[in-house]
Structure formats: C-alpha cells, structure tokens
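A.B. asks: Contents are compact mmCIF, C-alpha atoms; file name start_14.txt:
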# COMPACT_ATOMS: atom_id res chain seq x y z
CA MET J 17 -9.26 -5.12 8.28
CA ALA J 18 -9.01 -3.63 4.80
CA VAL J 19 -10.39 -0.22 3.94
CA ALA J 20 -10.49 1.83 0.74
CA ALA J 21 -11.41 5.50 0.85
CA ALA J 22 -12.94 5.70 -2.64
CA PRO J 23 -13.97 3.68 -5.68
CA TYR J 24 -11.40 3.48 -8.48
CA GLU J 25 -13.45 5.45 -10.98
CA GLY J 26 -14.03 9.01 -12.16
CA VAL J 27 -12.17 11.74 -10.33
CA PHE J 28 -10.67 9.22 -7.87
CA ARG J 29 -9.15 7.19 -10.71
CA ARG J 30 -7.73 10.37 -12.23
CA ALA J 31 -6.24 11.29 -8.85
CA VAL J 32 -4.48 7.92 -8.60
CA LEU J 33 -3.11 8.24 -12.14
CA GLU J 34 -1.88 11.80 -11.51
CA LEU J 35 -0.19 10.70 -8.31
CA LYS J 36 1.29 7.54 -9.81
CA PHE J 37 2.57 8.88 -13.13
CA ARG J 38 3.02 12.61 -12.55
CA ARG J 39 4.34 12.67 -8.96
CA ARG J 40 1.79 15.12 -7.66
CA GLU J 41 3.14 15.29 -4.09
CA VAL J 42 0.48 17.78 -2.97
CA LEU J 43 -2.11 15.25 -4.12
CA GLY J 44 -0.26 12.53 -2.17
CA ARG J 45 -0.56 14.55 1.02
CA ALA J 46 -4.28 15.17 0.49
CA VAL J 47 -4.95 11.54 -0.44
CA GLY J 48 -2.95 10.39 2.60
CA ARG J 49 -5.11 12.43 4.94
CA VAL J 50 -8.26 10.98 3.32
CA VAL J 51 -6.88 7.43 3.70
CA ALA J 52 -6.01 8.05 7.36
CA GLU J 53 -9.52 9.36 8.03
CA ALA J 54 -11.10 6.36 6.26
CA PHE J 55 -8.93 4.01 8.35
CA LEU J 56 -9.89 5.73 11.60
CA ILE J 57 -13.59 5.67 10.73
CA ALA J 58 -13.47 1.98 9.75
CA ASP J 59 -11.45 1.10 12.85
CA ARG J 60 -14.11 2.60 15.08
CA SER J 61 -17.11 1.38 13.11
CA GLU J 62 -19.74 -0.54 15.04
CA ASP J 63 -20.01 -2.91 12.08
CA LEU J 64 -16.44 -4.04 12.68
CA GLY J 65 -16.68 -4.32 16.45
CA THR J 66 -14.42 -2.52 18.88
CA ALA J 67 -11.32 -0.71 17.74
CA GLY J 68 -8.22 -2.84 17.57
CA PRO J 69 -4.81 -1.77 18.84
CA PRO J 70 -3.36 1.12 16.88
CA PRO J 71 -0.68 0.21 14.37
CA ALA J 72 2.90 0.33 15.61
CA ALA J 73 3.96 1.60 12.18
CA THR J 74 2.78 2.21 8.65
CA VAL J 75 4.42 0.35 5.77
CA ALA J 76 4.14 1.62 2.20
CA MET J 77 3.56 -0.97 -0.50
CA PRO J 78 6.98 -1.20 -2.15
CA LEU J 79 7.67 -0.87 -5.85
CA PRO J 80 10.15 -3.16 -7.56
CA ARG J 81 13.56 -1.46 -7.47
CA ARG J 82 13.70 -1.04 -11.25
CA ARG J 83 10.28 0.64 -11.36
CA GLN J 84 11.08 2.95 -8.46
CA LEU J 85 14.37 3.99 -10.08
CA ARG J 86 12.57 4.72 -13.35
CA ARG J 87 9.82 6.77 -11.67
CA GLY J 88 12.04 8.34 -9.04
CA PHE J 89 9.45 7.86 -6.28
CA ASN J 90 6.96 5.42 -4.79
CA GLN J 91 3.38 6.71 -4.94
CA ALA J 92 2.35 4.48 -2.02
CA GLU J 93 4.99 6.15 0.12
CA LEU J 94 3.67 9.59 -0.89
CA ILE J 95 0.35 8.45 0.61
CA ALA J 96 1.83 6.54 3.59
CA ARG J 97 3.80 9.53 4.94
CA PRO J 98 0.73 11.66 5.74
CA VAL J 99 -1.14 8.56 6.93
CA ALA J 100 1.64 7.87 9.45
CA ARG J 101 1.69 11.53 10.48
CA SER J 102 -2.11 11.63 10.90
CA LEU J 103 -2.08 8.46 13.01
CA ALA J 104 1.01 9.62 14.97
CA VAL J 105 2.93 6.42 14.19
CA PRO J 106 6.27 5.99 12.43
CA LEU J 107 6.61 5.16 8.76
CA ALA J 108 8.67 1.96 8.60
CA ARG J 109 10.78 2.46 5.48
CA ARG J 110 12.62 -0.28 3.62
CA VAL J 111 10.91 -3.10 5.52
CA LEU J 112 9.52 -4.87 2.45
CA THR J 113 11.19 -5.38 -0.90
CA ARG J 114 9.45 -6.43 -4.07
CA ARG J 115 10.72 -8.43 -7.01
CA TRP J 116 10.02 -7.15 -10.48
CA ARG J 117 6.96 -8.55 -12.22
CA PRO J 118 5.17 -7.31 -15.34
CA SER J 119 2.83 -4.42 -14.62
CA GLN J 120 -0.49 -5.70 -13.30
CA THR J 121 -2.30 -3.43 -15.76
CA THR J 122 -1.15 -5.62 -18.66
CA LEU J 123 -2.46 -8.87 -17.13
CA SER J 124 -5.86 -10.56 -17.18
CA ARG J 125 -7.73 -10.82 -13.89
CA SER J 126 -6.79 -14.49 -13.45
CA ARG J 127 -3.10 -13.74 -14.15
CA ARG J 128 -3.25 -10.82 -11.71
CA ARG J 129 -4.38 -13.21 -8.99
CA ARG J 130 -1.29 -15.42 -9.50
CA SER J 131 1.33 -12.77 -10.35
CA PRO J 132 2.30 -11.45 -6.88
CA ALA J 133 2.96 -14.87 -5.31
CA GLY J 134 6.53 -14.86 -4.02
CA SER J 135 7.08 -11.21 -5.00
CA PHE J 136 7.77 -9.85 -1.52
CA ARG J 137 10.62 -10.27 0.93
CA VAL J 138 11.30 -8.71 4.30
CA ARG J 139 14.79 -7.26 4.45
CA ALA J 140 17.18 -9.50 6.36
CA GLY J 141 14.45 -12.19 6.43
CA ARG J 142 12.70 -10.86 9.51
CA LEU J 143 11.16 -7.72 10.87
CA PRO J 144 13.13 -5.39 13.12
CA ALA J 145 12.62 -6.24 16.79
CA ARG J 146 10.56 -3.07 17.34
CA LEU J 147 7.93 -4.35 14.85
CA ARG J 148 7.84 -8.07 15.66
CA GLY J 149 4.45 -9.12 16.98
CA LYS J 150 3.13 -5.59 16.56
CA PRO J 151 0.12 -4.51 14.48
CA LEU J 152 1.06 -2.83 11.18
CA LEU J 153 -0.81 -0.78 8.61
CA LEU J 154 0.04 -1.48 4.96
CA VAL J 155 -0.74 1.49 2.70
CA ASP J 156 -1.22 1.38 -1.07
CA ASP J 157 -2.73 3.61 -3.74
CA VAL J 158 -5.23 1.26 -5.38
CA VAL J 159 -6.44 -2.32 -4.97
CA THR J 160 -7.83 -4.22 -7.94
CA THR J 161 -7.94 -7.97 -7.28
CA GLY J 162 -6.40 -7.76 -3.81
CA SER J 163 -3.75 -10.35 -4.63
CA THR J 164 -0.83 -7.93 -4.26
CA VAL J 165 -1.87 -6.75 -0.80
CA GLU J 166 -2.64 -10.34 0.21
CA ALA J 167 0.88 -11.41 -0.80
CA ALA J 168 2.45 -8.47 1.06
CA VAL J 169 0.38 -9.14 4.19
CA ARG J 170 1.34 -12.85 4.09
CA CYS J 171 5.00 -11.88 3.84
CA LEU J 172 4.80 -9.46 6.77
CA ARG J 173 2.92 -11.98 8.91
CA SER J 174 5.36 -14.80 8.15
CA ALA J 175 8.24 -12.45 9.08
CA GLY J 176 6.76 -11.93 12.54
CA ALA J 177 4.29 -9.04 12.28
CA GLY J 178 1.16 -9.03 14.38
CA PRO J 179 -2.15 -8.24 12.68
CA VAL J 180 -1.71 -6.30 9.42
CA ASP J 181 -4.46 -3.92 8.35
CA VAL J 182 -4.60 -2.50 4.83
CA ALA J 183 -5.61 1.02 3.86
CA THR J 184 -5.80 2.18 0.26
CA PHE J 185 -7.08 5.24 -1.48
CA ALA J 186 -9.12 3.44 -4.12
CA ARG J 187 -10.53 0.02 -4.91
CA THR J 188 -12.02 -1.36 -8.09
CA LEU J 189 -15.66 -2.29 -7.67
Mind turning this structure into structure tokens?
C.D. replies:
Amino acid sequence: MAVAAAPYEGVFRRAVLELKFRRREVLGRAVGRVVAEAFLIADRSEDLGTAGPPPAATVAMPLPRRRQLRRGFNQAELIARPVARSLAVPLARRVLTRRWRPSQTTLSRSRRRRSPAGSFRVRAGRLPARLRGKPLLLVDDVVTTGSTVEAAVRCLRSAGAGPVDVATFARTL
C-alpha cells in the first residue's frame, strides 16, 4: 500500500520546501502526524480491504551521505519520527543507505524513472533479525515518479523485509 496525505501543490508544496530546505522541525512534527493519520485511514479503508498487520518499524527514506552532511538533517526522518510515535512502533535508523545521484529535480521524468536503480543498500547486506520477514513502513516527504520509493522498497524486500508500505506527505498529481 502507498498513501500520500496531500497533493504536491500550493501550501503543501511550500510546506515540503520549508521542511526540506529550512529545517522547520515543528513543521516536520505536524506533517508526521498528518502522514500517520493518512496511513491509518488508508489502512482501514474498505476500498483496500481489511487492515494488514501493523508495521514492525518505520524507516525514513535515506539521503545520500554527502547531501545529509551538507543539510545537517534528513527531512524524511523529521517526518518519520512522529509517524513512528503516532503508530507506537520503533523508528529503524540507519537501515538503508543511499548512494549519491544528481538531484531528481534536475532530471527529466524519463531520467527520474531510471536514476534510483541500484541507489540503495541495506547496511551489512541484510536486515537486523528483529525486522526480517516483518512488515515495514517507508516514510518520505514527497513522491514524484515513484521510482525512488520503488527502488527502496525493492531493496528492503530483497534484504528480507516482509511487506513494505509507503507513506508520504505529498505526491505529484
């Protein structure tokens, strides 16, 4: 299951940009609570069938090391912390790593689709025993083409995760 709380436009787009480039931690907490609520609503929606097992942990979409060092924070983690707290599950930190690639914002849509392939690795090549075979929730700030979350989900699944749901604040329409 993949759920986005808002469209990536207007005030929601501005919120993502403020969070991403100005480290508005208060905004991260508010956005995280909205994302958690959207996930819970979608998980219990009749359109999607019965609720699946709750996630064993939340995983924040990682930034490449160089980008995180430059920014000093990971905006997806600012959202994932309150999501984990709202769902009463742990935040699994440092599970995924991400190789540096050019910023997706500079690429055409077709290049964005190909760019994330091979970008992700699970530390030590496999998930910790406490997460193997367990459902996970991957949290990110915004989804455009979906290729980045698809690559991260593939990586987690191939490393032994159970089902991986995705929850983001915003999605391009």
A.B. asks: Would you mind telling me which residue in J:Asp157, J:Arg148, J:Gly141, J:Leu33 lies nearest to Val50 of chain J when using all atoms listed in the file?
C.D. replies: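 Counting all atoms listed in the file, the residue closest to Val50 of chain J is J:Asp157.
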A.B. asks: So what do you get for atom CA of Glu41 of chain J versus atom CA of Phe89 of chain J, distance-wise?
C.D. replies: 10.0 Å
A.B. asks: Please measure the separation of atom CA of Glu166 of chain J and atom CA of Glu53 of chain J, giving the value in Å to one decimal.
C.D. replies: 22.3 Å
A.B. asks: Under the rule that all atoms listed in the file are counted, which of J:Arg142, J:Arg114, J:Arg45, J:Arg38 is the nearest residue to Ala175 of chain J?
C.D. replies: J:Arg142
A.B. asks: Just to confirm, what's the straight-line distance from atom CA of Ala96 of chain J to atom CA of Ala145 of chain J in Å (one decimal)?
C.D. replies: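 Atom CA of Ala96 of chain J sits 21.3 Å away from atom CA of Ala145 of chain J.
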A.B. asks: Would you list the contacts of Val169 of chain J as a list in words, taking every protein, DNA or RNA residue within 10 Å and counting only C-alpha atoms, but skipping same-chain residues closer than 3 positions in sequence?
C.D. replies: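 Skipping anything fewer than 3 positions along the chain leaves Met77, Phe136, Leu152, Leu153, Leu154, Ser163, Thr164, Val165, Glu166, Leu172, Arg173, Ser174, Ala175, Ala177, Pro179, Val180, Asp181 and Val182 of chain J.
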A.B. asks: Could you save the residues just selected, with C-alpha atoms, as a PDB file, keeping the file's coordinate frame?
C.D. replies:
ATOM      1  CA  MET J  77       3.560  -0.970  -0.500  1.00  0.00           C
ATOM      2  CA  PHE J 136       7.770  -9.850  -1.520  1.00  0.00           C
ATOM      3  CA  LEU J 152       1.060  -2.830  11.180  1.00  0.00           C
ATOM      4  CA  LEU J 153      -0.810  -0.780   8.610  1.00  0.00           C
ATOM      5  CA  LEU J 154       0.040  -1.480   4.960  1.00  0.00           C
ATOM      6  CA  SER J 163      -3.750 -10.350  -4.630  1.00  0.00           C
ATOM      7  CA  THR J 164      -0.830  -7.930  -4.260  1.00  0.00           C
ATOM      8  CA  VAL J 165      -1.870  -6.750  -0.800  1.00  0.00           C
ATOM      9  CA  GLU J 166      -2.640 -10.340   0.210  1.00  0.00           C
ATOM     10  CA  LEU J 172       4.800  -9.460   6.770  1.00  0.00           C
ATOM     11  CA  ARG J 173       2.920 -11.980   8.910  1.00  0.00           C
ATOM     12  CA  SER J 174       5.360 -14.800   8.150  1.00  0.00           C
ATOM     13  CA  ALA J 175       8.240 -12.450   9.080  1.00  0.00           C
ATOM     14  CA  ALA J 177       4.290  -9.040  12.280  1.00  0.00           C
ATOM     15  CA  PRO J 179      -2.150  -8.240  12.680  1.00  0.00           C
ATOM     16  CA  VAL J 180      -1.710  -6.300   9.420  1.00  0.00           C
ATOM     17  CA  ASP J 181      -4.460  -3.920   8.350  1.00  0.00           C
ATOM     18  CA  VAL J 182      -4.600  -2.500   4.830  1.00  0.00           C
TER      19      VAL J 182
END
A.B. asks: Find the residue from J:Pro151, J:Gly162, J:Gly176, J:Pro80 that sits nearest to Gly68 of chain J; use all atoms listed in the file when measuring.
C.D. replies: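 The answer is J:Pro151, which sits nearest to Gly68 of chain J.
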A.B. asks: Box along x, y and z, 3 Å on every side, all listed atoms of segment 86-98 of chain J inside: centre and edge lengths in Å to one decimal, as JSON.
C.D. replies:
{"center_x": 6.5, "center_y": 8.1, "center_z": -3.8, "size_x": 18.2, "size_y": 13.2, "size_z": 25.1}
A.B. asks: What's around Ala73 of chain J at 6 Å? Count only C-alpha atoms, leave out sequence neighbours fewer than 3 positions away in its own chain, and write the answer as number ranges by chain.
C.D. replies: J: 105-108, 152
A.B. asks: For the selection you just gave me, I'd like the residues written to a file as an mmCIF file, keeping the file's coordinate frame, keeping C-alpha atoms.
C.D. replies:
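Output (out.cif):
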data_model
loop_
_atom_site.group_PDB
_atom_site.id
_atom_site.type_symbol
_atom_site.label_atom_id
_atom_site.label_comp_id
_atom_site.auth_asym_id
_atom_site.auth_seq_id
_atom_site.Cartn_x
_atom_site.Cartn_y
_atom_site.Cartn_z
ATOM 1 C CA VAL J 105 2.930 6.420 14.190
ATOM 2 C CA PRO J 106 6.270 5.990 12.430
ATOM 3 C CA LEU J 107 6.610 5.160 8.760
ATOM 4 C CA ALA J 108 8.670 1.960 8.600
ATOM 5 C CA LEU J 152 1.060 -2.830 11.180
#
A.B. asks: Only all heavy atoms needed: put segment 37-52 of chain J from the block into a file as a PDB file, in the first residue's frame.
C.D. replies:
ATOM      1  N   PHE J  37      14.375  22.446   3.000  1.00  0.00           N
ATOM      2  CA  PHE J  37      15.495  23.367   2.831  1.00  0.00           C
ATOM      3  C   PHE J  37      15.692  24.348   3.983  1.00  0.00           C
ATOM      4  O   PHE J  37      16.689  25.053   4.017  1.00  0.00           O
ATOM      5  CB  PHE J  37      15.344  24.126   1.507  1.00  0.00           C
ATOM      6  CG  PHE J  37      15.396  23.198   0.333  1.00  0.00           C
ATOM      7  CD1 PHE J  37      14.281  22.999  -0.458  1.00  0.00           C
ATOM      8  CD2 PHE J  37      16.548  22.488   0.036  1.00  0.00           C
ATOM      9  CE1 PHE J  37      14.314  22.123  -1.532  1.00  0.00           C
ATOM     10  CE2 PHE J  37      16.584  21.600  -1.030  1.00  0.00           C
ATOM     11  CZ  PHE J  37      15.477  21.430  -1.817  1.00  0.00           C
ATOM     12  N   ARG J  38      14.731  24.385   4.922  1.00  0.00           N
ATOM     13  CA  ARG J  38      14.885  25.318   6.038  1.00  0.00           C
ATOM     14  C   ARG J  38      14.801  24.637   7.400  1.00  0.00           C
ATOM     15  O   ARG J  38      14.729  25.312   8.414  1.00  0.00           O
ATOM     16  CB  ARG J  38      13.835  26.419   5.938  1.00  0.00           C
ATOM     17  CG  ARG J  38      14.061  27.283   4.716  1.00  0.00           C
ATOM     18  CD  ARG J  38      13.531  28.666   4.946  1.00  0.00           C
ATOM     19  NE  ARG J  38      13.958  29.524   3.860  1.00  0.00           N
ATOM     20  CZ  ARG J  38      13.131  30.206   3.103  1.00  0.00           C
ATOM     21  NH1 ARG J  38      11.841  30.122   3.305  1.00  0.00           N
ATOM     22  NH2 ARG J  38      13.593  30.977   2.148  1.00  0.00           N
ATOM     23  N   ARG J  39      14.759  23.314   7.393  1.00  0.00           N
ATOM     24  CA  ARG J  39      14.755  22.509   8.622  1.00  0.00           C
ATOM     25  C   ARG J  39      13.722  22.987   9.647  1.00  0.00           C
ATOM     26  O   ARG J  39      14.024  23.206  10.811  1.00  0.00           O
ATOM     27  CB  ARG J  39      16.138  22.477   9.259  1.00  0.00           C
ATOM     28  CG  ARG J  39      16.234  21.430  10.346  1.00  0.00           C
ATOM     29  CD  ARG J  39      17.583  21.392  10.993  1.00  0.00           C
ATOM     30  NE  ARG J  39      17.683  20.267  11.888  1.00  0.00           N
ATOM     31  CZ  ARG J  39      18.810  19.760  12.303  1.00  0.00           C
ATOM     32  NH1 ARG J  39      19.946  20.267  11.899  1.00  0.00           N
ATOM     33  NH2 ARG J  39      18.806  18.736  13.114  1.00  0.00           N
ATOM     34  N   ARG J  40      12.519  23.102   9.215  1.00  0.00           N
ATOM     35  CA  ARG J  40      11.434  23.511  10.104  1.00  0.00           C
ATOM     36  C   ARG J  40      10.955  22.283  10.884  1.00  0.00           C
ATOM     37  O   ARG J  40      10.011  21.605  10.469  1.00  0.00           O
ATOM     38  CB  ARG J  40      10.282  24.123   9.326  1.00  0.00           C
ATOM     39  CG  ARG J  40      10.676  25.262   8.448  1.00  0.00           C
ATOM     40  CD  ARG J  40      10.771  26.538   9.248  1.00  0.00           C
ATOM     41  NE  ARG J  40      10.825  27.651   8.312  1.00  0.00           N
ATOM     42  CZ  ARG J  40      11.597  28.700   8.490  1.00  0.00           C
ATOM     43  NH1 ARG J  40      12.352  28.798   9.539  1.00  0.00           N
ATOM     44  NH2 ARG J  40      11.607  29.663   7.608  1.00  0.00           N
ATOM     45  N   GLU J  41      11.610  22.009  12.007  1.00  0.00           N
ATOM     46  CA  GLU J  41      11.313  20.789  12.772  1.00  0.00           C
ATOM     47  C   GLU J  41       9.888  20.764  13.301  1.00  0.00           C
ATOM     48  O   GLU J  41       9.272  19.698  13.355  1.00  0.00           O
ATOM     49  CB  GLU J  41      12.336  20.598  13.879  1.00  0.00           C
ATOM     50  CG  GLU J  41      13.718  20.302  13.289  1.00  0.00           C
ATOM     51  CD  GLU J  41      14.738  19.885  14.318  1.00  0.00           C
ATOM     52  OE1 GLU J  41      14.367  19.161  15.265  1.00  0.00           O
ATOM     53  OE2 GLU J  41      15.900  20.265  14.150  1.00  0.00           O
ATOM     54  N   VAL J  42       9.349  21.915  13.682  1.00  0.00           N
ATOM     55  CA  VAL J  42       7.953  21.976  14.140  1.00  0.00           C
ATOM     56  C   VAL J  42       7.039  21.526  13.005  1.00  0.00           C
ATOM     57  O   VAL J  42       6.091  20.770  13.217  1.00  0.00           O
ATOM     58  CB  VAL J  42       7.592  23.401  14.605  1.00  0.00           C
ATOM     59  CG1 VAL J  42       6.097  23.561  14.796  1.00  0.00           C
ATOM     60  CG2 VAL J  42       8.335  23.742  15.866  1.00  0.00           C
ATOM     61  N   LEU J  43       7.347  21.948  11.800  1.00  0.00           N
ATOM     62  CA  LEU J  43       6.585  21.534  10.625  1.00  0.00           C
ATOM     63  C   LEU J  43       6.720  20.028  10.409  1.00  0.00           C
ATOM     64  O   LEU J  43       5.751  19.349  10.082  1.00  0.00           O
ATOM     65  CB  LEU J  43       7.062  22.308   9.397  1.00  0.00           C
ATOM     66  CG  LEU J  43       6.277  22.162   8.120  1.00  0.00           C
ATOM     67  CD1 LEU J  43       4.812  22.505   8.322  1.00  0.00           C
ATOM     68  CD2 LEU J  43       6.891  23.048   7.045  1.00  0.00           C
ATOM     69  N   GLY J  44       7.917  19.481  10.627  1.00  0.00           N
ATOM     70  CA  GLY J  44       8.130  18.036  10.496  1.00  0.00           C
ATOM     71  C   GLY J  44       7.251  17.248  11.444  1.00  0.00           C
ATOM     72  O   GLY J  44       6.680  16.220  11.066  1.00  0.00           O
ATOM     73  N   ARG J  45       7.117  17.740  12.668  1.00  0.00           N
ATOM     74  CA  ARG J  45       6.257  17.039  13.637  1.00  0.00           C
ATOM     75  C   ARG J  45       4.793  17.085  13.199  1.00  0.00           C
ATOM     76  O   ARG J  45       4.085  16.081  13.261  1.00  0.00           O
ATOM     77  CB  ARG J  45       6.432  17.638  15.035  1.00  0.00           C
ATOM     78  CG  ARG J  45       7.788  17.300  15.651  1.00  0.00           C
ATOM     79  CD  ARG J  45       7.864  17.685  17.117  1.00  0.00           C
ATOM     80  NE  ARG J  45       7.828  19.124  17.344  1.00  0.00           N
ATOM     81  CZ  ARG J  45       8.899  19.924  17.318  1.00  0.00           C
ATOM     82  NH1 ARG J  45      10.092  19.423  17.052  1.00  0.00           N
ATOM     83  NH2 ARG J  45       8.772  21.214  17.555  1.00  0.00           N
ATOM     84  N   ALA J  46       4.345  18.248  12.738  1.00  0.00           N
ATOM     85  CA  ALA J  46       2.946  18.376  12.289  1.00  0.00           C
ATOM     86  C   ALA J  46       2.693  17.507  11.060  1.00  0.00           C
ATOM     87  O   ALA J  46       1.692  16.788  10.986  1.00  0.00           O
ATOM     88  CB  ALA J  46       2.623  19.838  11.993  1.00  0.00           C
ATOM     89  N   VAL J  47       3.605  17.574  10.096  1.00  0.00           N
ATOM     90  CA  VAL J  47       3.474  16.771   8.872  1.00  0.00           C
ATOM     91  C   VAL J  47       3.488  15.284   9.221  1.00  0.00           C
ATOM     92  O   VAL J  47       2.709  14.498   8.673  1.00  0.00           O
ATOM     93  CB  VAL J  47       4.585  17.139   7.865  1.00  0.00           C
ATOM     94  CG1 VAL J  47       4.726  16.094   6.773  1.00  0.00           C
ATOM     95  CG2 VAL J  47       4.327  18.518   7.274  1.00  0.00           C
ATOM     96  N   GLY J  48       4.347  14.888  10.140  1.00  0.00           N
ATOM     97  CA  GLY J  48       4.421  13.484  10.549  1.00  0.00           C
ATOM     98  C   GLY J  48       3.110  12.978  11.120  1.00  0.00           C
ATOM     99  O   GLY J  48       2.678  11.862  10.825  1.00  0.00           O
ATOM    100  N   ARG J  49       2.457  13.815  11.920  1.00  0.00           N
ATOM    101  CA  ARG J  49       1.166  13.400  12.480  1.00  0.00           C
ATOM    102  C   ARG J  49       0.113  13.267  11.376  1.00  0.00           C
ATOM    103  O   ARG J  49      -0.711  12.349  11.400  1.00  0.00           O
ATOM    104  CB  ARG J  49       0.718  14.378  13.561  1.00  0.00           C
ATOM    105  CG  ARG J  49       1.557  14.261  14.841  1.00  0.00           C
ATOM    106  CD  ARG J  49       0.978  15.053  15.997  1.00  0.00           C
ATOM    107  NE  ARG J  49       0.891  16.478  15.735  1.00  0.00           N
ATOM    108  CZ  ARG J  49       1.860  17.375  15.992  1.00  0.00           C
ATOM    109  NH1 ARG J  49       2.990  16.973  16.525  1.00  0.00           N
ATOM    110  NH2 ARG J  49       1.676  18.646  15.737  1.00  0.00           N
ATOM    111  N   VAL J  50       0.158  14.162  10.393  1.00  0.00           N
ATOM    112  CA  VAL J  50      -0.778  14.089   9.257  1.00  0.00           C
ATOM    113  C   VAL J  50      -0.518  12.819   8.446  1.00  0.00           C
ATOM    114  O   VAL J  50      -1.457  12.116   8.045  1.00  0.00           O
ATOM    115  CB  VAL J  50      -0.666  15.351   8.376  1.00  0.00           C
ATOM    116  CG1 VAL J  50      -1.396  15.184   7.055  1.00  0.00           C
ATOM    117  CG2 VAL J  50      -1.167  16.573   9.124  1.00  0.00           C
ATOM    118  N   VAL J  51       0.749  12.500   8.212  1.00  0.00           N
ATOM    119  CA  VAL J  51       1.108  11.290   7.455  1.00  0.00           C
ATOM    120  C   VAL J  51       0.651  10.045   8.205  1.00  0.00           C
ATOM    121  O   VAL J  51       0.086   9.123   7.602  1.00  0.00           O
ATOM    122  CB  VAL J  51       2.626  11.246   7.163  1.00  0.00           C
ATOM    123  CG1 VAL J  51       3.054   9.893   6.603  1.00  0.00           C
ATOM    124  CG2 VAL J  51       3.015  12.367   6.209  1.00  0.00           C
ATOM    125  N   ALA J  52       0.856  10.013   9.516  1.00  0.00           N
ATOM    126  CA  ALA J  52       0.419   8.858  10.311  1.00  0.00           C
ATOM    127  C   ALA J  52      -1.094   8.684  10.219  1.00  0.00           C
ATOM    128  O   ALA J  52      -1.593   7.569  10.045  1.00  0.00           O
ATOM    129  CB  ALA J  52       0.847   9.028  11.771  1.00  0.00           C
TER     130      ALA J  52
END
